[in-house]
$ cat coords_3.txt   # compact mmCIF, N, CA and C atoms
# COMPACT_ATOMS: atom_id res chain seq x y z
N MET Z 1 65.84 -184.75 43.15
CA MET Z 1 66.33 -184.09 41.96
C MET Z 1 67.75 -183.61 42.17
N GLY Z 2 68.06 -183.05 43.34
CA GLY Z 2 69.35 -182.44 43.58
C GLY Z 2 70.54 -183.34 43.27
N GLY Z 3 70.44 -184.66 43.58
CA GLY Z 3 71.54 -185.56 43.33
C GLY Z 3 71.60 -186.06 41.91
N ASN Z 4 70.62 -185.72 41.10
CA ASN Z 4 70.57 -186.21 39.72
C ASN Z 4 71.05 -185.18 38.70
N VAL Z 5 71.18 -183.94 39.13
CA VAL Z 5 71.61 -182.87 38.24
C VAL Z 5 72.75 -182.11 38.90
N ASP Z 6 73.87 -182.00 38.21
CA ASP Z 6 75.02 -181.24 38.69
C ASP Z 6 75.23 -180.10 37.70
N LEU Z 7 74.64 -178.94 38.01
CA LEU Z 7 74.70 -177.81 37.09
C LEU Z 7 76.09 -177.20 37.02
N GLU Z 8 76.85 -177.28 38.11
CA GLU Z 8 78.20 -176.72 38.10
C GLU Z 8 79.07 -177.42 37.05
N HIS Z 9 78.93 -178.73 36.94
CA HIS Z 9 79.72 -179.49 35.98
C HIS Z 9 78.91 -179.85 34.73
N ARG Z 10 77.66 -179.35 34.65
CA ARG Z 10 76.75 -179.58 33.53
C ARG Z 10 76.59 -181.08 33.23
N LEU Z 11 76.17 -181.82 34.27
CA LEU Z 11 75.95 -183.26 34.13
C LEU Z 11 74.57 -183.64 34.63
N LEU Z 12 73.95 -184.55 33.92
CA LEU Z 12 72.67 -185.14 34.34
C LEU Z 12 72.97 -186.61 34.61
N TYR Z 13 72.64 -187.07 35.82
CA TYR Z 13 72.87 -188.46 36.18
C TYR Z 13 71.60 -189.26 35.97
N VAL Z 14 71.69 -190.28 35.13
CA VAL Z 14 70.55 -191.17 34.89
C VAL Z 14 70.68 -192.31 35.88
N ARG Z 15 69.85 -192.26 36.92
CA ARG Z 15 69.91 -193.27 37.98
C ARG Z 15 68.64 -194.11 38.05
N GLN Z 16 67.57 -193.56 37.49
CA GLN Z 16 66.28 -194.25 37.47
C GLN Z 16 65.57 -193.92 36.16
N THR Z 17 64.64 -194.77 35.80
CA THR Z 17 63.85 -194.53 34.61
C THR Z 17 62.42 -194.97 34.89
N PHE Z 18 61.48 -194.45 34.11
CA PHE Z 18 60.10 -194.87 34.27
C PHE Z 18 59.84 -196.06 33.37
N SER Z 19 59.20 -197.07 33.93
CA SER Z 19 58.74 -198.22 33.17
C SER Z 19 57.34 -198.53 33.67
N GLU Z 20 56.36 -198.38 32.78
CA GLU Z 20 54.96 -198.59 33.17
C GLU Z 20 54.62 -197.74 34.40
N ASP Z 21 55.05 -196.47 34.37
CA ASP Z 21 54.78 -195.49 35.42
C ASP Z 21 55.39 -195.85 36.78
N GLU Z 22 56.43 -196.66 36.75
CA GLU Z 22 57.11 -197.05 37.97
C GLU Z 22 58.59 -196.71 37.82
N LEU Z 23 59.19 -196.16 38.88
CA LEU Z 23 60.62 -195.86 38.84
C LEU Z 23 61.42 -197.14 39.04
N VAL Z 24 62.32 -197.41 38.11
CA VAL Z 24 63.17 -198.60 38.17
C VAL Z 24 64.59 -198.21 37.79
N PRO Z 25 65.57 -199.05 38.12
CA PRO Z 25 66.94 -198.76 37.67
C PRO Z 25 67.00 -198.78 36.15
N PRO Z 26 67.95 -198.06 35.55
CA PRO Z 26 68.10 -198.10 34.09
C PRO Z 26 68.39 -199.52 33.62
N LYS Z 27 68.11 -199.78 32.34
CA LYS Z 27 68.45 -201.09 31.78
C LYS Z 27 69.92 -201.37 32.03
N GLY Z 28 70.23 -202.57 32.39
CA GLY Z 28 71.61 -202.93 32.68
C GLY Z 28 72.00 -202.59 34.12
N GLY Z 29 71.14 -201.83 34.81
CA GLY Z 29 71.37 -201.52 36.21
C GLY Z 29 72.44 -200.48 36.49
N ALA Z 30 73.09 -199.96 35.46
CA ALA Z 30 74.20 -199.02 35.68
C ALA Z 30 73.74 -197.59 35.44
N GLU Z 31 74.08 -196.71 36.37
CA GLU Z 31 73.79 -195.30 36.15
C GLU Z 31 74.82 -194.73 35.18
N ARG Z 32 74.49 -193.59 34.61
CA ARG Z 32 75.43 -192.94 33.70
C ARG Z 32 75.29 -191.43 33.83
N ALA Z 33 76.36 -190.73 33.50
CA ALA Z 33 76.37 -189.27 33.52
C ALA Z 33 76.29 -188.79 32.07
N VAL Z 34 75.35 -187.89 31.81
CA VAL Z 34 75.18 -187.34 30.47
C VAL Z 34 75.50 -185.85 30.53
N PRO Z 35 76.50 -185.40 29.77
CA PRO Z 35 76.82 -183.96 29.75
C PRO Z 35 75.65 -183.15 29.19
N LEU Z 36 75.49 -181.95 29.70
CA LEU Z 36 74.42 -181.05 29.26
C LEU Z 36 75.00 -179.90 28.45
N LEU Z 37 74.31 -179.54 27.38
CA LEU Z 37 74.68 -178.33 26.66
C LEU Z 37 74.47 -177.13 27.59
N PRO Z 38 75.28 -176.09 27.46
CA PRO Z 38 75.13 -174.91 28.33
C PRO Z 38 73.70 -174.36 28.33
N GLU Z 39 73.06 -174.33 27.15
CA GLU Z 39 71.69 -173.79 27.07
C GLU Z 39 70.71 -174.63 27.87
N LEU Z 40 70.87 -175.95 27.81
CA LEU Z 40 69.97 -176.83 28.57
C LEU Z 40 70.24 -176.70 30.07
N ALA Z 41 71.51 -176.59 30.44
CA ALA Z 41 71.86 -176.42 31.86
C ALA Z 41 71.20 -175.15 32.40
N GLU Z 42 71.18 -174.08 31.62
CA GLU Z 42 70.56 -172.83 32.05
C GLU Z 42 69.05 -172.99 32.18
N LEU Z 43 68.43 -173.67 31.23
CA LEU Z 43 66.98 -173.94 31.33
C LEU Z 43 66.65 -174.77 32.57
N LEU Z 44 67.48 -175.76 32.85
CA LEU Z 44 67.27 -176.57 34.05
C LEU Z 44 67.45 -175.74 35.31
N ARG Z 45 68.45 -174.87 35.31
CA ARG Z 45 68.68 -174.01 36.47
C ARG Z 45 67.43 -173.18 36.76
N GLU Z 46 66.85 -172.61 35.72
CA GLU Z 46 65.63 -171.81 35.89
C GLU Z 46 64.46 -172.68 36.35
N SER Z 47 64.33 -173.87 35.78
CA SER Z 47 63.22 -174.76 36.12
C SER Z 47 63.33 -175.31 37.53
N MET Z 48 64.54 -175.39 38.05
CA MET Z 48 64.75 -175.95 39.39
C MET Z 48 64.55 -174.93 40.50
N GLN Z 49 64.36 -173.67 40.15
CA GLN Z 49 64.15 -172.64 41.17
C GLN Z 49 62.96 -173.02 42.05
N GLY Z 50 63.15 -173.01 43.36
CA GLY Z 50 62.09 -173.31 44.30
C GLY Z 50 61.88 -174.79 44.54
N LYS Z 51 62.58 -175.65 43.83
CA LYS Z 51 62.45 -177.10 44.02
C LYS Z 51 63.37 -177.54 45.15
N GLN Z 52 62.98 -178.59 45.83
CA GLN Z 52 63.78 -179.16 46.91
C GLN Z 52 64.44 -180.45 46.42
N VAL Z 53 65.51 -180.87 47.11
CA VAL Z 53 66.15 -182.14 46.78
C VAL Z 53 65.09 -183.23 46.91
N GLY Z 54 65.01 -184.06 45.90
CA GLY Z 54 64.02 -185.14 45.90
C GLY Z 54 62.75 -184.79 45.13
N ASP Z 55 62.55 -183.48 44.83
CA ASP Z 55 61.39 -183.09 44.03
C ASP Z 55 61.60 -183.50 42.59
N PHE Z 56 60.49 -183.78 41.91
CA PHE Z 56 60.55 -184.06 40.49
C PHE Z 56 60.48 -182.75 39.73
N LEU Z 57 61.19 -182.67 38.64
CA LEU Z 57 61.21 -181.46 37.83
C LEU Z 57 59.95 -181.32 37.00
N VAL Z 58 59.49 -182.42 36.43
CA VAL Z 58 58.30 -182.40 35.59
C VAL Z 58 57.12 -182.90 36.41
N THR Z 59 56.15 -182.03 36.63
CA THR Z 59 54.95 -182.39 37.38
C THR Z 59 53.73 -181.82 36.66
N ASP Z 60 52.58 -182.36 37.02
CA ASP Z 60 51.34 -181.83 36.45
C ASP Z 60 50.83 -180.69 37.31
N GLU Z 61 49.62 -180.21 36.99
CA GLU Z 61 49.05 -179.06 37.71
C GLU Z 61 48.89 -179.34 39.21
N GLY Z 62 48.70 -180.61 39.58
CA GLY Z 62 48.53 -180.98 40.99
C GLY Z 62 49.83 -181.29 41.70
N GLY Z 63 50.97 -181.08 41.01
CA GLY Z 63 52.27 -181.35 41.62
C GLY Z 63 52.69 -182.80 41.58
N GLU Z 64 51.92 -183.63 40.86
CA GLU Z 64 52.22 -185.05 40.75
C GLU Z 64 53.02 -185.32 39.47
N VAL Z 65 53.79 -186.39 39.50
CA VAL Z 65 54.52 -186.80 38.30
C VAL Z 65 53.50 -187.34 37.31
N PRO Z 66 53.49 -186.79 36.09
CA PRO Z 66 52.51 -187.27 35.11
C PRO Z 66 52.83 -188.71 34.69
N SER Z 67 51.78 -189.43 34.32
CA SER Z 67 51.99 -190.79 33.83
C SER Z 67 52.79 -190.71 32.53
N ARG Z 68 53.35 -191.82 32.16
CA ARG Z 68 54.13 -191.89 30.92
C ARG Z 68 53.25 -191.48 29.73
N GLN Z 69 52.02 -192.00 29.70
CA GLN Z 69 51.11 -191.68 28.61
C GLN Z 69 50.73 -190.20 28.62
N ASN Z 70 50.50 -189.64 29.80
CA ASN Z 70 50.15 -188.23 29.90
C ASN Z 70 51.31 -187.36 29.41
N PHE Z 71 52.52 -187.73 29.79
CA PHE Z 71 53.70 -186.98 29.37
C PHE Z 71 53.83 -187.04 27.85
N LEU Z 72 53.66 -188.24 27.27
CA LEU Z 72 53.77 -188.40 25.83
C LEU Z 72 52.69 -187.58 25.12
N HIS Z 73 51.47 -187.59 25.66
CA HIS Z 73 50.38 -186.81 25.08
C HIS Z 73 50.73 -185.31 25.08
N ARG Z 74 51.28 -184.83 26.19
CA ARG Z 74 51.66 -183.41 26.29
C ARG Z 74 52.82 -183.08 25.36
N LEU Z 75 53.76 -184.01 25.23
CA LEU Z 75 54.89 -183.79 24.32
C LEU Z 75 54.39 -183.65 22.89
N LYS Z 76 53.51 -184.53 22.49
CA LYS Z 76 52.98 -184.49 21.12
C LYS Z 76 52.14 -183.23 20.90
N ALA Z 77 51.39 -182.79 21.91
CA ALA Z 77 50.61 -181.56 21.80
C ALA Z 77 51.54 -180.36 21.64
N PHE Z 78 52.64 -180.35 22.40
CA PHE Z 78 53.62 -179.27 22.29
C PHE Z 78 54.24 -179.25 20.90
N GLN Z 79 54.62 -180.42 20.39
CA GLN Z 79 55.23 -180.52 19.07
C GLN Z 79 54.27 -180.00 18.00
N LYS Z 80 53.01 -180.36 18.11
CA LYS Z 80 52.01 -179.92 17.13
C LYS Z 80 51.84 -178.40 17.19
N LYS Z 81 51.73 -177.86 18.40
CA LYS Z 81 51.55 -176.41 18.58
C LYS Z 81 52.76 -175.64 18.04
N ALA Z 82 53.95 -176.22 18.20
CA ALA Z 82 55.18 -175.56 17.74
C ALA Z 82 55.44 -175.81 16.26
N GLY Z 83 54.58 -176.61 15.62
CA GLY Z 83 54.76 -176.90 14.21
C GLY Z 83 55.91 -177.86 13.94
N LEU Z 84 56.21 -178.69 14.92
CA LEU Z 84 57.32 -179.64 14.80
C LEU Z 84 56.79 -181.02 14.40
N ARG Z 85 57.68 -181.83 13.87
CA ARG Z 85 57.35 -183.21 13.58
C ARG Z 85 57.00 -183.92 14.88
N SER Z 86 56.08 -184.84 14.85
CA SER Z 86 55.67 -185.57 16.04
C SER Z 86 56.63 -186.72 16.31
N TRP Z 87 57.32 -186.65 17.44
CA TRP Z 87 58.30 -187.65 17.82
C TRP Z 87 57.87 -188.27 19.15
N GLY Z 88 57.98 -189.59 19.26
CA GLY Z 88 57.81 -190.27 20.54
C GLY Z 88 59.15 -190.32 21.25
N SER Z 89 59.13 -190.74 22.50
CA SER Z 89 60.38 -190.76 23.26
C SER Z 89 61.40 -191.73 22.65
N HIS Z 90 60.95 -192.86 22.14
CA HIS Z 90 61.90 -193.81 21.57
C HIS Z 90 62.46 -193.29 20.24
N SER Z 91 61.62 -192.62 19.46
CA SER Z 91 62.10 -192.01 18.21
C SER Z 91 63.15 -190.95 18.51
N LEU Z 92 62.96 -190.22 19.59
CA LEU Z 92 63.95 -189.20 19.97
C LEU Z 92 65.29 -189.84 20.33
N ARG Z 93 65.26 -191.02 20.93
CA ARG Z 93 66.51 -191.74 21.23
C ARG Z 93 67.23 -192.12 19.93
N HIS Z 94 66.46 -192.59 18.94
CA HIS Z 94 67.06 -192.93 17.65
C HIS Z 94 67.66 -191.68 17.00
N TYR Z 95 66.92 -190.59 17.04
CA TYR Z 95 67.41 -189.33 16.46
C TYR Z 95 68.68 -188.88 17.18
N PHE Z 96 68.69 -188.94 18.50
CA PHE Z 96 69.84 -188.53 19.31
C PHE Z 96 71.09 -189.30 18.87
N CYS Z 97 70.99 -190.62 18.79
CA CYS Z 97 72.16 -191.43 18.40
C CYS Z 97 72.59 -191.12 16.98
N SER Z 98 71.64 -191.01 16.07
CA SER Z 98 71.97 -190.70 14.67
C SER Z 98 72.61 -189.33 14.54
N ALA Z 99 72.06 -188.34 15.25
CA ALA Z 99 72.61 -186.98 15.17
C ALA Z 99 74.03 -186.93 15.72
N LEU Z 100 74.30 -187.68 16.79
CA LEU Z 100 75.65 -187.70 17.33
C LEU Z 100 76.65 -188.26 16.32
N THR Z 101 76.29 -189.38 15.68
CA THR Z 101 77.21 -189.95 14.70
C THR Z 101 77.33 -189.07 13.48
N ARG Z 102 76.24 -188.42 13.11
CA ARG Z 102 76.27 -187.49 11.97
C ARG Z 102 77.26 -186.36 12.26
N GLY Z 103 77.37 -185.99 13.53
CA GLY Z 103 78.32 -184.95 13.92
C GLY Z 103 79.70 -185.50 14.20
N ALA Z 104 79.95 -186.73 13.78
CA ALA Z 104 81.26 -187.39 13.89
C ALA Z 104 81.62 -187.80 15.32
N ALA Z 105 80.61 -188.06 16.16
CA ALA Z 105 80.90 -188.54 17.51
C ALA Z 105 81.41 -189.98 17.44
N ASN Z 106 82.28 -190.33 18.33
CA ASN Z 106 82.82 -191.67 18.45
C ASN Z 106 81.69 -192.62 18.82
N ILE Z 107 81.60 -193.77 18.17
CA ILE Z 107 80.50 -194.72 18.40
C ILE Z 107 80.47 -195.19 19.86
N GLU Z 108 81.62 -195.31 20.49
CA GLU Z 108 81.66 -195.72 21.90
C GLU Z 108 81.07 -194.64 22.80
N ALA Z 109 81.30 -193.38 22.46
CA ALA Z 109 80.70 -192.29 23.22
C ALA Z 109 79.18 -192.31 23.06
N VAL Z 110 78.72 -192.57 21.85
CA VAL Z 110 77.27 -192.65 21.59
C VAL Z 110 76.67 -193.80 22.39
N ARG Z 111 77.34 -194.95 22.38
CA ARG Z 111 76.87 -196.11 23.15
C ARG Z 111 76.73 -195.77 24.63
N THR Z 112 77.74 -195.12 25.18
CA THR Z 112 77.74 -194.77 26.60
C THR Z 112 76.63 -193.77 26.91
N LEU Z 113 76.50 -192.74 26.08
CA LEU Z 113 75.45 -191.74 26.31
C LEU Z 113 74.05 -192.34 26.22
N ALA Z 114 73.87 -193.29 25.32
CA ALA Z 114 72.56 -193.93 25.16
C ALA Z 114 72.29 -194.96 26.25
N GLY Z 115 73.35 -195.36 26.96
CA GLY Z 115 73.19 -196.35 28.01
C GLY Z 115 73.08 -197.77 27.48
N HIS Z 116 73.58 -197.99 26.28
CA HIS Z 116 73.54 -199.33 25.69
C HIS Z 116 74.70 -200.17 26.23
N SER Z 117 74.46 -201.45 26.42
CA SER Z 117 75.53 -202.33 26.90
C SER Z 117 76.43 -202.80 25.76
N SER Z 118 75.94 -202.66 24.53
CA SER Z 118 76.69 -203.15 23.37
C SER Z 118 76.62 -202.16 22.22
N VAL Z 119 77.72 -202.03 21.48
CA VAL Z 119 77.73 -201.19 20.29
C VAL Z 119 76.75 -201.74 19.26
N ARG Z 120 76.54 -203.05 19.27
CA ARG Z 120 75.58 -203.65 18.34
C ARG Z 120 74.17 -203.08 18.57
N THR Z 121 73.81 -202.83 19.81
CA THR Z 121 72.52 -202.22 20.09
C THR Z 121 72.50 -200.80 19.55
N THR Z 122 73.56 -200.07 19.79
CA THR Z 122 73.65 -198.69 19.32
C THR Z 122 73.53 -198.63 17.80
N GLU Z 123 74.15 -199.56 17.11
CA GLU Z 123 74.10 -199.57 15.65
C GLU Z 123 72.66 -199.67 15.14
N ARG Z 124 71.79 -200.35 15.89
CA ARG Z 124 70.38 -200.47 15.47
C ARG Z 124 69.65 -199.14 15.62
N TYR Z 125 70.23 -198.18 16.34
CA TYR Z 125 69.62 -196.88 16.54
C TYR Z 125 70.07 -195.87 15.49
N LEU Z 126 71.02 -196.23 14.66
CA LEU Z 126 71.58 -195.29 13.70
C LEU Z 126 70.86 -195.39 12.36
N HIS Z 127 70.49 -194.24 11.82
CA HIS Z 127 69.76 -194.19 10.56
C HIS Z 127 70.37 -193.13 9.66
N ALA Z 128 70.52 -193.47 8.39
CA ALA Z 128 71.07 -192.53 7.41
C ALA Z 128 69.93 -191.82 6.69
N THR Z 129 70.08 -190.52 6.51
CA THR Z 129 69.11 -189.74 5.74
C THR Z 129 69.61 -189.64 4.30
N GLY Z 130 68.77 -189.15 3.43
CA GLY Z 130 69.19 -188.91 2.04
C GLY Z 130 70.39 -187.98 1.99
N GLN Z 131 70.37 -186.97 2.84
CA GLN Z 131 71.49 -186.03 2.90
C GLN Z 131 72.78 -186.73 3.31
N ASP Z 132 72.67 -187.67 4.27
CA ASP Z 132 73.85 -188.44 4.69
C ASP Z 132 74.44 -189.21 3.51
N LEU Z 133 73.57 -189.79 2.68
CA LEU Z 133 74.03 -190.57 1.53
C LEU Z 133 74.74 -189.67 0.52
N HIS Z 134 74.17 -188.49 0.26
CA HIS Z 134 74.80 -187.55 -0.66
C HIS Z 134 76.16 -187.09 -0.14
N GLU Z 135 76.24 -186.82 1.16
CA GLU Z 135 77.51 -186.38 1.74
C GLU Z 135 78.55 -187.49 1.69
N ALA Z 136 78.12 -188.74 1.90
CA ALA Z 136 79.06 -189.87 1.82
C ALA Z 136 79.64 -189.99 0.42
N ILE Z 137 78.79 -189.91 -0.60
CA ILE Z 137 79.26 -189.98 -1.98
C ILE Z 137 80.11 -188.76 -2.31
N GLY Z 138 79.76 -187.61 -1.75
CA GLY Z 138 80.54 -186.38 -1.97
C GLY Z 138 81.96 -186.49 -1.49
N LYS Z 139 82.20 -187.38 -0.53
CA LYS Z 139 83.57 -187.57 -0.03
C LYS Z 139 84.46 -188.24 -1.08
N LEU Z 140 83.84 -188.79 -2.13
CA LEU Z 140 84.61 -189.39 -3.22
C LEU Z 140 85.02 -188.36 -4.27
N ASP Z 141 84.52 -187.17 -4.12
CA ASP Z 141 84.83 -186.09 -5.06
C ASP Z 141 86.34 -185.92 -5.15
N SER Z 142 86.87 -185.84 -6.38
CA SER Z 142 88.32 -185.73 -6.57
C SER Z 142 88.88 -184.47 -5.93
N GLY Z 143 88.07 -183.43 -5.76
CA GLY Z 143 88.54 -182.20 -5.13
C GLY Z 143 88.76 -182.35 -3.63
N SER Z 144 88.27 -183.44 -3.04
CA SER Z 144 88.40 -183.61 -1.60
C SER Z 144 89.71 -184.29 -1.22
N GLY Z 145 90.54 -184.59 -2.21
CA GLY Z 145 91.81 -185.25 -1.91
C GLY Z 145 91.73 -186.76 -2.03
N ASN Z 146 90.55 -187.30 -2.17
CA ASN Z 146 90.40 -188.75 -2.37
C ASN Z 146 90.51 -189.05 -3.85
N ARG Z 147 91.14 -190.11 -4.18
CA ARG Z 147 91.27 -190.50 -5.58
C ARG Z 147 90.24 -191.58 -5.88
N VAL Z 148 89.49 -191.37 -6.93
CA VAL Z 148 88.55 -192.37 -7.40
C VAL Z 148 89.22 -193.10 -8.53
N VAL Z 149 89.37 -194.39 -8.38
CA VAL Z 149 90.03 -195.20 -9.41
C VAL Z 149 88.93 -195.85 -10.24
N THR Z 150 89.03 -195.66 -11.54
CA THR Z 150 88.05 -196.28 -12.44
C THR Z 150 88.74 -197.39 -13.20
N PRO Z 151 88.01 -198.47 -13.49
CA PRO Z 151 88.64 -199.60 -14.21
C PRO Z 151 88.92 -199.25 -15.66

$ encode --input "coords_3.txt" --output "structure tokens"
Amino acid sequence: MGGNVDLEHRLLYVRQTFSEDELVPPKGGAERAVPLLPELAELLRESMQGKQVGDFLVTDEGGEVPSRQNFLHRLKAFQKKAGLRSWGSHSLRHYFCSALTRGAANIEAVRTLAGHSSVRTTERYLHATGQDLHEAIGKLDSGSGNRVVTP
């Protein structure tokens, strides 16, 4: 764990991923550094207390890394208990990419953070909400400085 999280610089290094409950290199084989929000860095700092380098952060009651299915089951149970929408891990990736672009993040930055090898892959992760559509049309409002030309 110690080499995968740099709390001083608020970075999480993605060097391995789970695939069928097995640790493998990330898709494309390239590691990436993902910046952490200050609040998440603080939560990680607290969660890492007492852990040794090489320990996993997320473990079950027996200290073992939970299976992918067990982790997903626990995530969904947490979401239900908290009254949140039920999201799977892949849905969260789609939301992450969409939320970044909604916040005006550069598409190349989104691609890099998602670990995609191509912007075309990233584009498949982007989804517009009804609110996004209303805001896009709102940018045509004459009060915004844009001129709408009518025939």

$ residues_around --input "coords_3.txt" --residues "Z:Leu57" --least-positions-apart "2" --cutoff "8 Å" --atoms "only N, CA and C atoms" --output "ChimeraX atom specification"
/Z:1,47-48,51,54-55,59-60,65

$ select_by_dssp --input "coords_3.txt" --residues "stretch 30-144 of chain Z" --states "helix (DSSP H, G or I)" --output "count of residues only"
63

$ atom_distance --input "coords_3.txt" --atom1 "atom N of Z:Gly130" --atom2 "atom C of Z:Ile107"
21.1 Å

$ residues_around --input "coords_3.txt" --residues "stretch 32-44 of chain Z" --least-positions-apart "3" --cutoff "6.5 Å" --atoms "all atoms listed in the file" --output "VMD selection string"
chain Z and resid 7 9 to 15 47 to 49 113

$ atom_distance --input "coords_3.txt" --atom1 "atom N of Z:Phe56" --atom2 "atom N of Z:Asn70"
16.8 Å

$ residues_around --input "coords_3.txt" --residues "Z:Gly115" --least-positions-apart "2" --cutoff "8 Å" --atoms "all atoms listed in the file" --output "ChimeraX atom specification"
/Z:26-28,30-32,109-113,117-118

$ closest_residue --input "coords_3.txt" --among "Z:Gln16, Z:Leu23, Z:Arg45, Z:Gln79" --to "Z:Asn4" --atoms "only C-alpha atoms"
Z:Gln16

$ select_by_dssp --input "coords_3.txt" --residues "chain Z" --states "strand (DSSP E)" --output "list of chain:residue names"
Z:Val5, Z:Asp6, Z:Leu11, Z:Leu12, Z:Tyr13, Z:Val14, Z:Thr17, Z:Phe18, Z:Ser19, Z:Glu22, Z:Leu23, Z:Val24, Z:Arg32, Z:Ala33, Z:Val34, Z:Pro35

$ closest_atom_pairs --input "coords_3.txt" --of "stretch 97-145 of chain Z" --to "stretch 85-93 of chain Z" --cutoff "9 Å" --atoms "only C-alpha atoms" --output "tab-separated table"
residue	atom	partner	partner_atom	distance
Z:Cys97	CA	Z:Arg93	CA	6.3
Z:Ser98	CA	Z:Arg93	CA	8.6
Z:Ala114	CA	Z:Arg93	CA	7.5
Z:Tyr125	CA	Z:Arg93	CA	7.6

$ closest_residue --input "coords_3.txt" --among "Z:Arg124, Z:Gly83, Z:Ser19, Z:Asp132" --to "Z:Gly103" --atoms "only C-alpha atoms"
Z:Asp132

$ atom_distance --input "coords_3.txt" --atom1 "atom CA of Z:His127" --atom2 "atom C of Z:Glu108"
16.7 Å

$ closest_residue --input "coords_3.txt" --among "Z:Ile137, Z:Gly29, Z:Glu46, Z:Asp21" --to "Z:Gln69" --atoms "only C-alpha atoms"
Z:Asp21

$ axis_aligned_box --input "coords_3.txt" --around "stretch 29-38 of chain Z" --padding-each-side "6 Å" --output "AutoDock Vina command-line options"
--center_x 74.0 --center_y -188.1 --center_z 31.6 --size_x 17.7 --size_y 39.5 --size_z 21.8
